[in-house]
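Here's upload.cif, which has mmCIF, C-alpha atoms:
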```
data_my_file
loop_
_atom_site.label_atom_id
_atom_site.label_comp_id
_atom_site.auth_asym_id
_atom_site.auth_seq_id
_atom_site.Cartn_x
_atom_site.Cartn_y
_atom_site.Cartn_z
CA MET A 1 0.00 0.00 0.00
CA THR A 2 1.33 3.43 -0.91
CA ARG A 3 1.90 5.63 2.09
CA PRO A 4 0.10 9.00 1.68
CA GLN A 5 2.38 11.96 1.24
CA PRO A 6 2.37 14.48 4.08
CA LYS A 7 0.68 17.76 3.35
CA ARG A 8 3.06 20.51 2.39
CA GLY A 9 3.52 22.90 5.28
CA LYS A 10 2.53 26.51 4.85
CA ARG A 11 5.25 29.06 4.40
CA ARG A 12 5.25 32.15 6.59
CA ARG A 13 6.09 35.78 5.89
CA VAL A 14 6.05 38.52 8.51
CA VAL A 15 5.02 42.12 7.76
CA HIS A 16 5.66 45.00 10.16
CA VAL A 17 3.51 48.08 9.54
CA PHE A 18 3.94 51.61 10.87
CA THR A 19 0.73 53.64 10.50
CA GLU A 20 0.17 57.36 10.74
CA GLY A 21 -3.38 56.89 11.95
CA GLU A 22 -4.16 55.41 15.35
CA VAL A 23 -7.59 54.05 14.34
CA THR A 24 -8.36 54.07 10.61
CA GLU A 25 -5.40 52.19 9.16
CA PRO A 26 -5.16 49.63 12.01
CA THR A 27 -8.87 48.79 11.78
CA TYR A 28 -8.57 48.49 8.00
CA ILE A 29 -5.63 46.12 8.37
CA GLU A 30 -7.51 44.03 10.92
CA ILE A 31 -10.38 43.60 8.46
CA LEU A 32 -7.94 42.51 5.76
CA LYS A 33 -6.46 39.94 8.12
CA GLN A 34 -9.93 38.54 8.81
CA HIS A 35 -11.57 38.74 5.39
CA GLY A 36 -8.85 39.10 2.75
CA THR A 37 -8.37 36.44 0.07
CA LEU A 38 -4.72 35.45 -0.13
CA ILE A 39 -2.91 35.60 -3.45
CA ASP A 40 -1.03 32.43 -2.47
CA PRO A 41 -2.97 30.27 0.04
CA ASP A 42 0.24 28.36 0.81
CA VAL A 43 1.82 31.46 2.34
CA THR A 44 0.71 32.58 5.78
CA VAL A 45 1.21 36.33 6.13
CA GLU A 46 1.56 37.59 9.70
CA VAL A 47 0.91 41.32 9.91
CA HIS A 48 1.91 43.31 12.99
CA ILE A 49 1.21 46.98 13.72
CA ALA A 50 4.71 47.97 14.78
CA ASN A 51 3.86 51.34 16.33
CA ALA A 52 0.64 50.50 18.17
CA GLY A 53 0.28 52.85 21.11
CA ALA A 54 2.78 55.39 19.79
CA PRO A 55 1.88 59.03 20.56
CA GLY A 56 0.84 61.43 17.83
CA SER A 57 4.21 63.17 17.89
CA GLN A 58 5.81 59.92 16.67
CA ARG A 59 3.32 59.37 13.84
CA LYS A 60 4.50 61.97 11.36
CA PRO A 61 5.84 60.41 8.13
CA ILE A 62 9.50 61.16 8.86
CA LYS A 63 9.16 59.66 12.35
CA LEU A 64 7.50 56.53 10.96
CA VAL A 65 10.31 56.01 8.47
CA GLU A 66 13.00 56.66 11.07
CA ALA A 67 11.45 53.94 13.24
CA ALA A 68 10.89 51.58 10.30
CA ILE A 69 14.47 51.61 8.99
CA PRO A 70 16.07 49.81 11.96
CA GLN A 71 13.15 47.37 11.93
CA MET A 72 13.90 46.66 8.27
CA ARG A 73 17.61 46.19 8.95
CA GLU A 74 16.88 43.70 11.70
CA ALA A 75 14.40 41.87 9.44
CA GLU A 76 17.01 41.59 6.70
CA ARG A 77 19.63 40.30 9.13
CA GLU A 78 17.18 37.69 10.39
CA ALA A 79 16.27 36.63 6.84
CA LYS A 80 19.93 36.16 5.94
CA ARG A 81 20.62 34.31 9.18
CA TYR A 82 17.92 31.77 8.41
CA LYS A 83 18.75 31.75 4.70
CA LEU A 84 15.21 32.56 3.65
CA ARG A 85 14.30 32.82 0.00
CA LYS A 86 13.83 36.45 -1.04
CA GLU A 87 10.06 36.14 -1.49
CA HIS A 88 9.76 34.97 2.13
CA TRP A 89 11.79 37.80 3.66
CA PRO A 90 10.02 39.93 6.26
CA GLN A 91 8.67 43.24 4.99
CA VAL A 92 8.35 46.64 6.64
CA TRP A 93 5.79 49.20 5.46
CA CYS A 94 4.77 52.74 6.35
CA LEU A 95 1.25 54.02 5.67
CA PHE A 96 0.97 57.79 5.72
CA ASP A 97 -0.76 60.78 4.17
CA ARG A 98 0.30 64.03 2.58
CA ASP A 99 -1.82 66.30 4.79
CA ASP A 100 0.42 69.27 5.59
CA HIS A 101 3.39 67.26 6.81
CA GLU A 102 6.91 68.57 6.44
CA GLN A 103 9.81 66.40 5.24
CA ILE A 104 7.54 64.20 3.11
CA GLU A 105 10.12 64.04 0.33
CA THR A 106 12.84 63.07 2.80
CA ALA A 107 10.65 60.39 4.36
CA VAL A 108 9.86 58.76 1.02
CA SER A 109 13.48 58.97 -0.15
CA GLN A 110 14.85 57.41 3.03
CA ALA A 111 12.23 54.65 2.94
CA LYS A 112 13.11 53.76 -0.64
CA LYS A 113 16.83 53.55 0.14
CA ALA A 114 16.13 51.22 3.07
CA ASN A 115 13.69 48.94 1.17
CA VAL A 116 10.83 50.08 3.38
CA GLY A 117 7.51 50.03 1.54
CA VAL A 118 5.35 53.16 1.50
CA ALA A 119 1.61 53.34 0.87
CA PHE A 120 0.83 57.02 0.29
CA SER A 121 -2.44 58.94 0.06
CA HIS A 122 -3.08 62.59 -0.81
CA PRO A 123 -4.58 64.30 1.03
CA CYS A 124 -5.34 61.33 3.33
CA PHE A 125 -6.37 57.68 3.67
CA GLU A 126 -10.03 58.64 3.32
CA VAL A 127 -9.44 58.98 -0.43
CA TRP A 128 -8.86 55.21 -0.54
CA ARG A 129 -12.02 54.63 1.51
CA LEU A 130 -13.96 56.92 -0.82
CA ALA A 131 -12.77 54.92 -3.85
CA HIS A 132 -14.76 51.96 -2.49
CA GLU A 133 -17.92 54.00 -3.00
CA LYS A 134 -17.49 56.09 -6.13
CA SER A 135 -15.21 57.56 -8.75
CA VAL A 136 -13.09 60.35 -7.35
CA THR A 137 -12.53 63.43 -9.50
CA GLY A 138 -11.42 66.99 -8.99
CA THR A 139 -9.12 68.03 -6.17
CA PHE A 140 -9.39 68.32 -2.39
CA ASP A 141 -6.84 71.14 -2.22
CA GLY A 142 -4.92 69.15 0.37
CA VAL A 143 -7.82 69.23 2.85
CA CYS A 144 -8.56 65.80 4.29
CA GLY A 145 -11.93 66.89 5.65
CA LEU A 146 -13.22 67.49 2.13
CA ALA A 147 -12.56 63.84 1.28
CA ALA A 148 -13.90 62.52 4.58
CA ASP A 149 -17.12 64.53 4.24
CA ARG A 150 -17.91 62.79 0.94
CA LEU A 151 -18.04 59.35 2.57
CA SER A 152 -21.63 58.12 2.66
CA PHE A 153 -21.50 57.41 6.40
CA ALA A 154 -19.66 60.59 7.41
CA ARG A 155 -22.64 62.15 9.21
CA THR A 156 -24.34 59.03 10.52
CA ASP A 157 -21.51 56.92 11.94
CA PRO A 158 -20.60 57.99 15.49
CA HIS A 159 -17.06 56.68 14.93
CA PRO A 160 -16.30 57.45 11.26
CA LYS A 161 -12.57 56.86 11.64
CA THR A 162 -13.21 53.18 12.39
CA VAL A 163 -13.25 51.08 9.22
CA ARG A 164 -16.05 48.51 9.13
CA TRP A 165 -16.40 45.35 7.06
CA GLY A 166 -19.70 46.49 5.57
CA GLN A 167 -17.93 49.48 4.01
CA LEU A 168 -15.50 47.21 2.14
CA GLN A 169 -17.14 43.87 1.47
CA GLY A 170 -16.81 42.87 -2.16
CA LEU A 171 -15.53 46.29 -3.19
CA TYR A 172 -11.77 45.84 -3.53
CA GLU A 173 -11.65 45.62 -7.33
CA LYS A 174 -13.94 48.64 -7.61
CA ALA A 175 -11.77 50.63 -5.20
CA LYS A 176 -8.56 49.74 -7.01
CA ALA A 177 -10.04 50.62 -10.42
CA ASN A 178 -11.39 53.93 -9.11
CA ALA A 179 -8.04 54.76 -7.50
CA GLU A 180 -6.09 53.97 -10.65
CA ALA A 181 -8.46 56.11 -12.72
CA MET A 182 -8.16 58.91 -10.17
CA ASN A 183 -4.36 58.75 -10.25
CA ALA A 184 -4.36 58.73 -14.05
CA GLN A 185 -5.95 62.20 -14.06
CA HIS A 186 -2.55 63.66 -13.25
CA PRO A 187 0.17 64.19 -15.86
CA GLU A 188 2.96 61.64 -15.65
CA HIS A 189 5.62 64.26 -15.07
CA ARG A 190 3.96 65.53 -11.86
CA ASN A 191 5.63 64.37 -8.67
CA VAL A 192 3.49 61.70 -6.98
CA LEU A 193 3.71 63.59 -3.70
CA LYS A 194 2.02 66.59 -5.36
CA ARG A 195 -0.85 64.69 -6.97
CA ASP A 196 -4.16 65.57 -5.32
CA PRO A 197 -6.07 63.29 -5.07
CA TYR A 198 -3.88 60.20 -5.08
CA THR A 199 -3.56 56.85 -3.33
CA ASP A 200 -1.62 53.64 -3.88
CA VAL A 201 -2.82 51.71 -0.83
CA TRP A 202 -3.59 48.69 -3.04
CA LYS A 203 0.17 48.15 -3.39
CA PHE A 204 0.35 47.49 0.33
CA VAL A 205 -2.73 45.24 0.15
CA GLU A 206 -1.25 43.09 -2.62
CA ASP A 207 2.53 43.35 -2.24
CA GLY A 208 2.60 43.69 1.53
CA MET A 209 -0.27 41.66 2.87
CA GLY A 210 -0.41 39.27 -0.06
CA ILE A 211 -4.14 39.80 -0.53
CA ALA A 212 -5.93 39.57 -3.86
CA GLY A 213 -9.27 40.98 -2.76
CA TYR A 214 -11.99 41.07 -0.12
#
```
Translate this structure into structure tokens?
Amino acid sequence: MTRPQPKRGKRRRVVHVFTEGEVTEPTYIEILKQHGTLIDPDVTVEVHIANAGAPGSQRKPIKLVEAAIPQMREAEREAKRYKLRKEHWPQVWCLFDRDDHEQIETAVSQAKKANVGVAFSHPCFEVWRLAHEKSVTGTFDGVCGLAADRLSFARTDPHPKTVRWGQLQGLYEKAKANAEAMNAQHPEHRNVLKRDPYTDVWKFVEDGMGIAGY
């Protein structure tokens, strides 16, 4: 009798995320962890909010990147120590907005040099949330409140910063398509950091969390 082959064990990849927001991005990530469809079901992706509990003064983009770089260096050392294949190396990401932050250019440049991923929204993460509902046109003149006010639940939800499953369910492809169309409104020569509105959060969803949709 042929002995059955053991099931192939799942591979694991760890992702450390530094978020500007204390509520919105972490609750969004938690929903992805619960409801996201993995691109590769054989890879278990463990996502950790690396700066949970950090004060607001440490959540500006430059501060996030400064904290993320040593985390990335340690992750790379660990990957080399255990001789992991490149696709299984730990990842480190920063999620932040344009808002009126200073040193945005420096933050993005330093992150790129250190292999830290950046998911960027202009003027804020609410643009990505809005893309789940409708096409986004025009400009918000850098004012996050103008984007947030256009969310359908803005005036009825007592905690609008909290992301809820019902606001996302089955809408990932729509959101990504709307965001790509929104980004395409800008001329190619314009610096990404100056495009309003803009978001590339789906890169974090797919490349970071390994999720194909929800």
Measuring between all atoms listed in the file, which one of A:Asp100, A:Glu25, A:Glu20, A:Glu180 shows the shortest distance to A:Pro61? A:Glu20
Grab the atom CA of A:Thr19 to atom CA of A:Thr44 distance for me, in Å with one decimal place. 21.6 Å
If I take atom CA of A:Ile29 and atom CA of A:Ala67, how far is one from the other in Å, to one decimal? 19.4 Å
Given the file shown, enumerate the residues that the PyMOL selection byres ((chain A and resi 155-168) around 12) captures and present them as a PyMOL selection string. chain A and resi 21-36+124-126+128-133+145+148-154+169-176+213-214
Would you mind listing what lies within 12 Å of A:Gln58 as a PyMOL selection string, with all atoms listed in the file counted and same-chain residues fewer than 2 positions away left out? chain A and resi 18-22+51-56+60-68
For the atom pair atom CA of A:Asn115 and atom CA of A:Gln185, what is the interatomic distance in Å to one decimal place? 28.2 Å
Could you list, as JSON, numbers by chain, every residue matched by the PyMOL selection byres ((chain A and resi 207) around 12) in this structure? {"A": [13, 15, 38, 39, 40, 45, 87, 88, 90, 91, 92, 93, 117, 118, 119, 200, 201, 202, 203, 204, 205, 206, 208, 209, 210, 211, 212]}
Excluding A:Ala184 and residues on its chain fewer than 6 positions from it, collect all residues at most 10 Å away from it, counting all atoms listed in the file, and give them as a PyMOL selection string. chain A and resi 178+195+198
Kindly indicate which residue among A:Phe96, A:Ser135, A:Leu146, A:His101 lies nearest to A:Ala177, using all atoms listed in the file for the distances.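 Ranked by minimum distance to A:Ala177, first place goes to A:Ser135.
Across A:Ala111, A:Thr199, A:Lys83, A:Glu188, the tightest approach to A:Val136 is made by A:Thr199 when counting all atoms listed in the file.
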Ranking A:Lys113, A:Lys10, A:Thr139, A:Met182 by minimum distance to A:Arg73 and counting all atoms listed in the file, which one comes first? A:Lys113
